[in-house]
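File shown here: input_32.cif, holding mmCIF, C-alpha atoms.
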data_data
#
loop_
_atom_site.label_atom_id
_atom_site.label_comp_id
_atom_site.auth_asym_id
_atom_site.auth_seq_id
_atom_site.Cartn_x
_atom_site.Cartn_y
_atom_site.Cartn_z
CA MET A 1220 -84.21 42.57 -30.38
CA ASN A 1221 -84.48 41.14 -33.91
CA GLU A 1222 -87.42 39.13 -35.20
CA SER A 1223 -87.77 35.68 -33.62
CA VAL A 1224 -85.99 32.83 -35.43
CA SER A 1225 -87.45 29.38 -36.09
CA LEU A 1226 -85.30 26.40 -35.16
CA PRO A 1227 -84.95 23.39 -37.51
CA HIS A 1228 -86.62 21.12 -34.92
CA PRO A 1229 -88.90 23.30 -32.75
CA GLU A 1230 -90.11 20.26 -30.80
CA ARG A 1231 -86.69 19.87 -29.15
CA PHE A 1232 -83.54 21.80 -28.36
CA PHE A 1233 -80.93 22.44 -31.02
CA GLU A 1234 -77.56 21.45 -29.53
CA ILE A 1235 -74.00 22.21 -30.62
CA ARG A 1236 -70.74 20.87 -29.20
CA PHE A 1237 -67.41 22.58 -29.89
CA GLU A 1238 -64.43 20.21 -29.60
CA SER A 1239 -61.16 22.08 -29.18
CA ILE A 1240 -57.99 22.68 -27.23
CA GLY A 1241 -57.31 25.70 -25.05
CA GLY A 1242 -56.14 28.73 -26.98
CA LEU A 1243 -58.20 28.32 -30.17
CA GLY A 1244 -61.25 30.19 -28.89
CA ALA A 1245 -63.97 27.55 -28.51
CA HIS A 1246 -65.23 29.08 -25.26
CA ALA A 1247 -65.50 32.52 -26.85
CA ALA A 1248 -67.25 31.05 -29.91
CA GLY A 1249 -69.89 29.40 -27.76
CA GLN A 1250 -70.36 32.60 -25.78
CA VAL A 1251 -70.82 34.66 -28.95
CA LEU A 1252 -73.31 32.20 -30.43
CA ALA A 1253 -75.44 31.94 -27.29
CA SER A 1254 -75.40 35.71 -26.78
CA ALA A 1255 -76.57 36.29 -30.34
CA ALA A 1256 -79.36 33.73 -29.93
CA VAL A 1257 -80.68 35.19 -26.68
CA LEU A 1258 -80.15 38.92 -27.18
CA LYS A 1259 -80.71 39.27 -30.92
CA MET A 1260 -82.66 36.25 -32.24
CA GLY A 1261 -85.47 35.82 -29.71
CA LEU A 1262 -84.38 32.33 -28.65
CA ASN A 1263 -83.68 30.74 -25.31
CA GLY A 1264 -80.05 29.76 -25.07
CA ALA A 1265 -77.48 28.32 -22.69
CA HIS A 1266 -73.72 28.09 -22.97
CA PHE A 1267 -70.97 26.66 -20.78
CA SER A 1268 -67.59 25.05 -21.27
CA SER A 1269 -65.59 22.22 -19.77
CA TYR A 1270 -61.81 22.40 -19.37
CA GLY A 1271 -59.09 21.66 -16.87
CA SER A 1272 -57.06 23.99 -14.69
CA GLU A 1273 -54.43 24.39 -17.42
CA LYS A 1274 -56.73 25.66 -20.12
CA LYS A 1275 -54.23 26.48 -22.89
CA GLY A 1276 -53.20 23.33 -24.71
CA SER A 1277 -55.63 21.06 -22.86
CA LEU A 1278 -58.92 19.61 -24.05
CA VAL A 1279 -61.81 22.07 -24.15
CA ARG A 1280 -65.46 21.31 -24.86
CA SER A 1281 -67.93 24.15 -25.25
CA PHE A 1282 -71.67 23.47 -25.30
CA VAL A 1283 -74.50 25.55 -26.76
CA ARG A 1284 -78.16 24.64 -26.31
CA LEU A 1285 -80.85 26.64 -28.13
CA GLY A 1286 -84.63 26.48 -27.75
CA PRO A 1287 -87.75 28.44 -28.77
CA GLU A 1288 -88.70 31.43 -26.68
CA GLU A 1289 -91.65 29.67 -25.05
CA ARG A 1290 -89.57 26.65 -23.95
CA PRO A 1291 -87.26 27.31 -20.99
CA ILE A 1292 -83.94 25.51 -20.71
CA ARG A 1293 -83.80 23.77 -17.35
CA THR A 1294 -80.68 21.66 -17.80
CA SER A 1295 -76.98 22.42 -17.69
CA ALA A 1296 -75.89 18.90 -18.59
CA PRO A 1297 -73.18 18.51 -21.26
CA VAL A 1298 -74.40 18.11 -24.84
CA GLU A 1299 -74.19 14.37 -25.50
CA THR A 1300 -76.35 14.03 -28.63
CA PRO A 1301 -75.50 17.12 -30.68
CA ASP A 1302 -77.10 18.30 -33.89
CA ALA A 1303 -73.72 19.77 -34.81
CA ILE A 1304 -70.14 19.09 -33.78
CA VAL A 1305 -67.46 21.66 -34.59
CA VAL A 1306 -63.85 20.43 -34.33
CA PHE A 1307 -61.19 23.13 -33.94
CA HIS A 1308 -58.09 20.92 -34.27
CA ALA A 1309 -57.65 18.00 -36.68
CA ALA A 1310 -55.61 16.01 -34.13
CA LEU A 1311 -58.82 15.59 -32.09
CA LEU A 1312 -60.28 13.44 -34.87
CA ARG A 1313 -58.23 10.53 -33.54
CA ASN A 1314 -60.28 10.53 -30.34
CA PRO A 1315 -63.60 8.64 -30.68
CA ALA A 1316 -65.13 10.91 -28.01
CA THR A 1317 -64.85 13.82 -30.47
CA ARG A 1318 -67.61 12.43 -32.70
CA ALA A 1319 -69.58 10.57 -30.01
CA GLY A 1320 -73.34 11.06 -29.92
CA LEU A 1321 -73.70 12.80 -33.29
CA LEU A 1322 -77.25 12.39 -34.57
CA LYS A 1323 -77.71 10.52 -37.84
CA GLU A 1324 -78.91 13.70 -39.57
CA GLY A 1325 -76.34 15.84 -37.76
CA THR A 1326 -73.58 18.05 -39.12
CA PHE A 1327 -69.87 17.49 -38.50
CA ILE A 1328 -67.62 20.51 -39.18
CA TYR A 1329 -63.86 20.16 -38.87
CA ASN A 1330 -60.84 22.39 -39.36
CA ALA A 1331 -58.40 21.08 -41.97
CA PRO A 1332 -56.89 22.12 -45.31
CA GLN A 1333 -57.83 20.36 -48.53
CA GLY A 1334 -56.42 16.87 -48.87
CA PRO A 1335 -57.27 13.25 -48.07
CA VAL A 1336 -60.19 12.73 -45.70
CA PRO A 1337 -59.01 11.21 -42.39
CA GLU A 1338 -59.98 7.55 -42.15
CA GLU A 1339 -61.42 8.15 -38.66
CA LEU A 1340 -64.36 10.00 -40.24
CA ALA A 1341 -65.66 6.76 -41.72
CA ALA A 1342 -67.11 6.15 -38.26
CA LEU A 1343 -69.55 9.05 -38.75
CA PRO A 1344 -73.19 8.34 -39.64
CA ARG A 1345 -73.70 7.65 -43.33
CA THR A 1346 -76.47 10.25 -43.46
CA ALA A 1347 -74.58 12.98 -41.58
CA ARG A 1348 -73.36 16.10 -43.35
CA VAL A 1349 -69.58 16.48 -43.22
CA ILE A 1350 -68.04 19.92 -43.77
CA ARG A 1351 -64.36 20.81 -44.01
CA VAL A 1352 -62.92 24.32 -43.78
CA ASN A 1353 -59.32 25.48 -43.54
CA ALA A 1354 -60.07 27.59 -40.49
CA LEU A 1355 -56.48 27.82 -39.32
CA GLY A 1356 -55.16 28.81 -42.75
CA ILE A 1357 -57.81 31.49 -43.17
CA ALA A 1358 -57.25 32.79 -39.63
CA MET A 1359 -53.50 33.11 -40.20
CA GLU A 1360 -54.01 34.95 -43.48
CA GLU A 1361 -56.52 37.36 -41.95
CA LYS A 1362 -54.64 37.76 -38.64
CA SER A 1363 -57.67 36.41 -36.80
CA ARG A 1364 -58.42 33.18 -34.93
CA PRO A 1365 -60.05 29.90 -35.98
CA ASN A 1366 -63.16 30.56 -33.88
CA ALA A 1367 -64.19 33.48 -36.11
CA VAL A 1368 -63.83 31.30 -39.22
CA LEU A 1369 -65.75 28.38 -37.72
CA LEU A 1370 -68.58 30.63 -36.56
CA GLY A 1371 -68.87 31.80 -40.17
CA THR A 1372 -68.97 28.20 -41.38
CA LEU A 1373 -71.63 27.36 -38.80
CA SER A 1374 -73.71 30.31 -39.99
CA GLY A 1375 -73.32 29.19 -43.60
CA ALA A 1376 -74.27 25.62 -42.75
CA PHE A 1377 -77.41 26.57 -40.82
CA PRO A 1378 -79.54 29.31 -42.42
CA PHE A 1379 -81.46 29.88 -39.17
CA LEU A 1380 -78.24 31.42 -37.78
CA PRO A 1381 -78.32 34.80 -39.58
CA THR A 1382 -74.92 35.96 -40.77
CA GLU A 1383 -75.17 39.62 -39.84
CA THR A 1384 -76.61 38.85 -36.39
CA ILE A 1385 -73.83 36.42 -35.46
CA LEU A 1386 -71.23 38.75 -36.91
CA GLU A 1387 -72.62 41.65 -34.87
CA ALA A 1388 -72.36 39.57 -31.69
CA LEU A 1389 -68.78 38.61 -32.62
CA SER A 1390 -67.85 42.26 -33.09
CA ASP A 1391 -69.51 43.21 -29.79
CA GLU A 1392 -67.37 40.60 -28.02
CA PHE A 1393 -64.10 42.20 -29.14
CA LYS A 1394 -64.70 45.88 -29.84
CA GLY A 1395 -64.28 46.85 -26.17
CA LYS A 1396 -60.90 45.31 -25.27
CA HIS A 1397 -59.58 44.49 -28.75
CA PRO A 1398 -61.06 46.93 -31.29
CA GLU A 1399 -58.17 46.23 -33.65
CA ALA A 1400 -59.44 42.64 -34.05
CA VAL A 1401 -62.95 43.53 -35.24
CA ALA A 1402 -62.12 44.04 -38.93
CA SER A 1403 -59.89 40.95 -39.18
CA ASN A 1404 -62.50 38.82 -37.41
CA GLU A 1405 -65.16 39.99 -39.85
CA ARG A 1406 -63.01 39.03 -42.84
CA ALA A 1407 -62.27 35.64 -41.31
CA PHE A 1408 -65.96 35.09 -40.49
CA ARG A 1409 -67.11 35.89 -44.03
CA ARG A 1410 -64.45 33.65 -45.56
CA GLY A 1411 -65.48 30.85 -43.22
CA LYS A 1412 -69.04 31.15 -44.49
CA ALA A 1413 -68.01 31.22 -48.15
CA GLU A 1414 -65.04 28.84 -48.37
CA PHE A 1415 -66.16 25.62 -46.69
CA GLU A 1416 -66.69 22.40 -48.64
CA VAL A 1417 -69.28 19.67 -48.12
CA LEU A 1418 -67.71 16.20 -48.38
CA GLU A 1419 -69.77 13.38 -49.85
CA GLY A 1420 -69.69 9.67 -48.96
CA VAL A 1421 -67.58 10.05 -45.83
CA GLY A 1422 -69.48 8.30 -43.02
CA ARG A 1423 -70.41 4.62 -43.08
CA ALA A 1424 -72.17 4.10 -39.75
CA GLU A 1425 -75.90 3.54 -39.55
CA GLY A 1426 -78.09 5.59 -37.23
CA ASP A 1427 -77.13 7.90 -34.38
CA LEU A 1428 -73.67 7.45 -32.89
CA PRO A 1429 -73.57 6.13 -29.33
CA VAL A 1430 -73.01 8.60 -26.54
CA GLY A 1431 -69.45 8.71 -25.26
CA ARG A 1432 -68.46 9.73 -21.77
CA THR A 1433 -64.94 10.65 -20.75
CA GLU A 1434 -65.30 8.91 -17.38
CA PRO A 1435 -67.10 5.70 -16.40
CA ALA A 1436 -70.09 5.81 -14.07
CA TRP A 1437 -68.51 4.67 -10.82
CA GLY A 1438 -70.64 2.79 -8.34
CA TYR A 1439 -70.03 0.83 -5.16
CA ALA A 1440 -69.12 -2.28 -7.18
CA THR A 1441 -66.99 -0.59 -9.85
CA GLN A 1442 -65.08 2.22 -8.18
CA PRO A 1443 -61.29 1.68 -7.90
CA PRO A 1444 -59.64 1.18 -4.51
CA GLY A 1445 -58.79 4.41 -2.71
CA GLY A 1446 -55.20 5.65 -2.62
CA ILE A 1447 -54.24 3.91 -5.88
CA VAL A 1448 -53.45 5.66 -9.17
CA PRO A 1449 -54.54 3.09 -11.79
CA GLU A 1450 -52.99 4.99 -14.74
CA PRO A 1451 -49.88 6.85 -13.57
CA GLY A 1452 -48.42 9.56 -15.78
CA ASN A 1453 -45.63 8.55 -18.13
CA MET A 1454 -43.57 10.96 -20.20
CA ALA A 1455 -42.85 8.28 -22.78
CA TRP A 1456 -46.55 8.10 -23.72
CA ASN A 1457 -47.50 11.75 -23.20
CA ASP A 1458 -48.57 13.02 -26.63
CA LEU A 1459 -48.32 16.83 -26.82
CA SER A 1460 -48.97 17.11 -30.57
CA VAL A 1461 -52.56 18.25 -30.02
CA SER A 1462 -51.21 21.39 -28.32
CA ARG A 1463 -49.77 22.75 -31.57
CA THR A 1464 -51.93 25.40 -33.17
CA GLY A 1465 -50.80 25.32 -36.79
CA LEU A 1466 -47.06 25.98 -36.72
CA MET A 1467 -44.23 23.54 -36.08
CA PRO A 1468 -40.42 23.69 -36.07
CA VAL A 1469 -38.64 21.97 -38.97
CA LEU A 1470 -34.93 21.10 -38.96
CA GLU A 1471 -32.68 21.49 -42.00
CA ARG A 1472 -29.73 19.34 -40.90
CA GLU A 1473 -27.33 20.70 -43.56
CA LYS A 1474 -27.42 24.09 -41.83
CA CYS A 1475 -27.24 22.80 -38.26
CA ILE A 1476 -24.06 23.49 -36.27
CA HIS A 1477 -25.21 21.21 -33.41
CA CYS A 1478 -24.54 23.90 -30.82
CA GLY A 1479 -27.29 22.71 -28.48
CA VAL A 1480 -28.83 26.12 -27.85
CA CYS A 1481 -32.23 24.78 -28.97
CA ASP A 1482 -31.93 21.97 -26.44
CA LEU A 1483 -31.35 24.49 -23.65
CA VAL A 1484 -34.61 26.34 -24.33
CA CYS A 1485 -36.87 23.40 -25.23
CA PRO A 1486 -39.33 22.86 -22.35
CA ASP A 1487 -40.42 19.40 -23.50
CA TYR A 1488 -37.16 17.59 -24.41
CA CYS A 1489 -38.44 16.76 -27.88
CA LEU A 1490 -35.11 17.09 -29.72
CA ALA A 1491 -33.48 13.81 -30.76
CA TRP A 1492 -29.67 13.65 -30.54
CA GLY A 1493 -27.32 10.97 -31.80
CA GLU A 1494 -23.64 10.11 -32.12
CA GLY A 1495 -21.70 12.12 -34.68
CA GLU A 1496 -19.83 10.50 -37.53
CA GLU A 1497 -16.61 8.78 -36.54
CA GLY A 1498 -13.76 11.23 -37.05
CA GLY A 1499 -16.22 13.98 -37.84
CA LYS A 1500 -16.41 17.52 -36.52
CA PHE A 1501 -19.20 16.91 -33.98
CA GLU A 1502 -19.27 14.35 -31.21
CA ARG A 1503 -23.07 14.66 -30.86
CA GLU A 1504 -25.45 15.75 -33.60
CA LEU A 1505 -29.05 16.88 -33.69
CA MET A 1506 -30.88 14.21 -35.68
CA GLY A 1507 -34.36 15.73 -35.71
CA ILE A 1508 -37.50 16.38 -33.69
CA ASP A 1509 -39.93 13.95 -32.09
CA TYR A 1510 -43.19 15.77 -32.78
CA ARG A 1511 -45.08 13.55 -30.37
CA TYR A 1512 -43.60 15.67 -27.57
CA CYS A 1513 -43.46 19.02 -29.38
CA LYS A 1514 -46.22 21.48 -28.43
CA GLY A 1515 -45.17 24.09 -30.98
CA CYS A 1516 -43.81 26.80 -28.66
CA LEU A 1517 -41.13 27.55 -31.33
CA ARG A 1518 -38.53 28.64 -28.76
CA CYS A 1519 -36.02 26.50 -30.62
CA VAL A 1520 -36.65 28.46 -33.83
CA GLU A 1521 -36.29 31.79 -32.05
CA SER A 1522 -32.96 30.79 -30.48
CA CYS A 1523 -31.33 28.98 -33.43
CA PRO A 1524 -28.19 30.95 -34.47
CA SER A 1525 -27.74 29.19 -37.84
CA GLY A 1526 -31.27 29.29 -39.24
CA ALA A 1527 -31.40 25.50 -39.36
CA LEU A 1528 -34.69 25.50 -37.47
CA THR A 1529 -37.59 27.26 -39.18
CA ARG A 1530 -41.30 27.63 -38.43
CA GLU A 1531 -43.52 25.90 -40.95
CA THR A 1532 -47.27 25.58 -41.34
CA GLU A 1533 -48.31 22.12 -40.15
CA THR A 1534 -50.14 20.19 -42.84
CA PRO A 1535 -51.69 16.71 -42.37
CA GLY A 1536 -49.01 14.02 -42.18
CA LEU A 1537 -46.03 16.40 -42.13
CA ALA A 1538 -45.12 15.74 -38.49
CA ASP A 1539 -45.39 11.97 -38.95
CA ARG A 1540 -43.18 12.14 -42.04
CA LEU A 1541 -40.42 14.23 -40.42
CA ARG A 1542 -40.55 12.72 -36.93
CA VAL A 1543 -37.35 11.29 -35.45
CA PRO A 1544 -38.47 9.13 -32.48
CA LEU A 1545 -36.88 9.63 -29.09
CA PHE A 1546 -38.01 6.15 -28.03
CA PRO A 1547 -37.95 3.98 -31.18
CA GLU A 1548 -38.39 0.86 -29.08
CA LEU A 1549 -41.92 2.02 -28.19
CA ILE A 1550 -43.05 2.21 -31.81
CA GLY A 1551 -44.79 -0.92 -32.91
#
Mind turning this structure into structure tokens?
Amino acid sequence: MNESVSLPHPERFFEIRFESIGGLGAHAAGQVLASAAVLKMGLNGAHFSSYGSEKKGSLVRSFVRLGPEERPIRTSAPVETPDAIVVFHAALLRNPATRAGLLKEGTFIYNAPQGPVPEELAALPRTARVIRVNALGIAMEEKSRPNAVLLGTLSGAFPFLPTETILEALSDEFKGKHPEAVASNERAFRRGKAEFEVLEGVGRAEGDLPVGRTEPAWGYATQPPGGIVPEPGNMAWNDLSVSRTGLMPVLEREKCIHCGVCDLVCPDYCLAWGEGEEGGKFERELMGIDYRYCKGCLRCVESCPSGALTRETETPGLADRLRVPLFPELIG
């Protein structure tokens, strides 16, 4: 065991919340961090995650709670007032629950390339530290995953998390089943530590952010009647864009032969078709993609015989700019 590490606030627990979607590695990141803290840093630590039955593509929250060796952790409650929030997917910034509970002196780390700062981040505390890192871009270049990059950024942001110790725990996690990933993860981790940027003047809120809970506290006077679904599912409002993990299909209409093969393999009916030109060659034509319903499986790209559909790196605003709505009457 390495020498004991001092926490920034030894009088209380240091708490981290990873906000992610299934498939980006938030659960593994929390597991690596807690393991390093307990086995190598002389701290008490606890880690657990929250996700639904369909983990990949659904919302995932991973919680890490760290304390000094002499203070046992006797709670397994979710982290509601974190010292640090790490956001794995920029689409989650639109959800107020993503930033809920951040302490006024907390740190907010999010995955995004350089560019305009999302307006949603103005709701962060004025005194909070905001860090941006292109975790997905780095991970793709290094053939790794965003969790390795974000662990590196977390280590760089908090000196009490020693780089080599966290990196050793990360390597231990993968060297058994995936030894080929160890070297790429190390490169991604070190770039995550070195290539993040601290953004100034982002938040405007005063004080700690209020705690947000995903479900109301039901009681005898507030619980809904039994046997009634108050918010039934509706395909027209089901936004799948958060399921994309960095790549999206893009249509070049000049190359399209409107054969419909892409429509046969698309599992989410996100392709928008329209009437062909009067007297033209095609009776029905592919007009574009409604990215609200596209989860980025890229089956359409793989099956396209003409090369009209290509995989592109998703940058902020690209999907909104290229989107062809399936239900234009719902936009307002």
- Query: Of the candidates A:Arg1345, A:Arg1518, A:Arg1530, A:Lys1259, which shows the shortest atom-to-atom distance to A:Thr1382, using only C-alpha atoms?
  - Reply: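 Closest residue, counting only C-alpha atoms: A:Lys1259.
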- Message: Report as a PyMOL selection string all protein, DNA and RNA residues lying within 6 Å of A:Trp1492, evaluated on only C-alpha atoms, omitting residues in the same chain fewer than 3 positions from it.
- Response: chain A and resi 1504-1506
Write the residues of the preceding selection, restricted to C-alpha atoms, as a PDB file, in the coordinates of the input.
ATOM      1  CA  GLU A1504     -25.450  15.750 -33.600  1.00  0.00           C
ATOM      2  CA  LEU A1505     -29.050  16.880 -33.690  1.00  0.00           C
ATOM      3  CA  MET A1506     -30.880  14.210 -35.680  1.00  0.00           C
TER       4      MET A1506
END
- Task: May I ask which of the residues A:Pro1451, A:Pro1297, A:Pro1544, A:Pro1468 is the closest one to A:Cys1516, counting only C-alpha atoms?
- Result: A:Pro1468
- Task: Expand the PyMOL selection byres ((chain A and resi 1323) around 7) into the individual residues it matches in the shown file, reporting them as a PyMOL selection string.
- Result: chain A and resi 1321-1322+1324-1325+1344+1346-1347+1426-1427
- Residues around (-61.3, 34.2, -37.4), cut-off 6 Å, counting all atoms listed in the file - what are they as JSON, numbers by chain? {"A": [1358, 1363, 1364, 1365, 1366, 1367, 1368, 1404, 1407, 1408]}
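Nearest to A:Ile1357 of all the residues A:Phe1415, A:Phe1393, A:Phe1327, A:Phe1267 is A:Phe1415, based on only C-alpha atoms.
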- Item | Residues matched by the PyMOL selection byres ((chain A and resi 1351) around 10), written as a PyMOL selection string | chain A and resi 1305-1306+1327-1333+1336+1349-1350+1352-1354+1369+1372+1414-1418
- Option closest in space to A:Leu1470, from A:Glu1531, A:Glu1361, A:Glu1338, A:Glu1230 [counting all atoms listed in the file]: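 Using all atoms listed in the file, the shortest distance to A:Leu1470 belongs to A:Glu1531.
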Given the file above and the PyMOL selection byres ((chain A and resi 1524-1526) around 8), which residues are selected, and can you give them as a CSV table (one decimal) with C-alpha atoms, keeping the file's coordinate frame?
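Contents of the output file part.csv:
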chain,number,residue,atom,x,y,z
A,1474,LYS,CA,-27.4,24.1,-41.8
A,1475,CYS,CA,-27.2,22.8,-38.3
A,1476,ILE,CA,-24.1,23.5,-36.3
A,1520,VAL,CA,-36.6,28.5,-33.8
A,1522,SER,CA,-33.0,30.8,-30.5
A,1523,CYS,CA,-31.3,29.0,-33.4
A,1527,ALA,CA,-31.4,25.5,-39.4
A,1528,LEU,CA,-34.7,25.5,-37.5
A,1529,THR,CA,-37.6,27.3,-39.2
- Query: Hey, which of A:Val1469, A:Ala1342, A:Leu1370, A:Ala1376 ends up closest to A:Gly1422? Count all atoms listed in the file.
  - Reply: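 Closest candidate: A:Ala1342.
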- In Å, with one decimal, what is the gap from atom CA of A:Ala1388 to atom CA of A:Ser1254?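 Straight-line distance from atom CA of A:Ala1388 to atom CA of A:Ser1254 works out to 6.9 Å.
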- Name all residues at most 10 Å from stretch 1540-1542 of chain A (count only C-alpha atoms; drop same-chain ones fewer than 5 positions away) and give them as JSON, numbers by chain. {"A": [1469, 1470, 1491, 1506, 1507, 1508, 1509, 1510, 1511, 1535]}
- Using all atoms listed in the file, find the one residue out of A:Glu1238, A:Glu1533, A:Glu1288, A:Glu1502 that sits nearest to A:Gly1356.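 Closest residue, counting all atoms listed in the file: A:Glu1533.
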- Task: Go ahead and compute the interatomic distance for atom CA of A:Ser1295 and atom CA of A:Leu1226, in Å to one decimal.
- Result: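 Going from atom CA of A:Ser1295 over to atom CA of A:Leu1226, I get 19.8 Å.
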- Pairwise distance for atom CA of A:Cys1478 and atom CA of A:Tyr1512, rounded to one decimal in Å: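 Calculated distance between atom CA of A:Cys1478 and atom CA of A:Tyr1512 is 21.0 Å.
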- Task: List the residues sitting within 7 Å of (-51.6, 18.4, -35.9) in the file's frame, using all atoms listed in the file, as number ranges by chain.
- Result: A: 1309-1310, 1460-1461, 1463, 1533, 1535
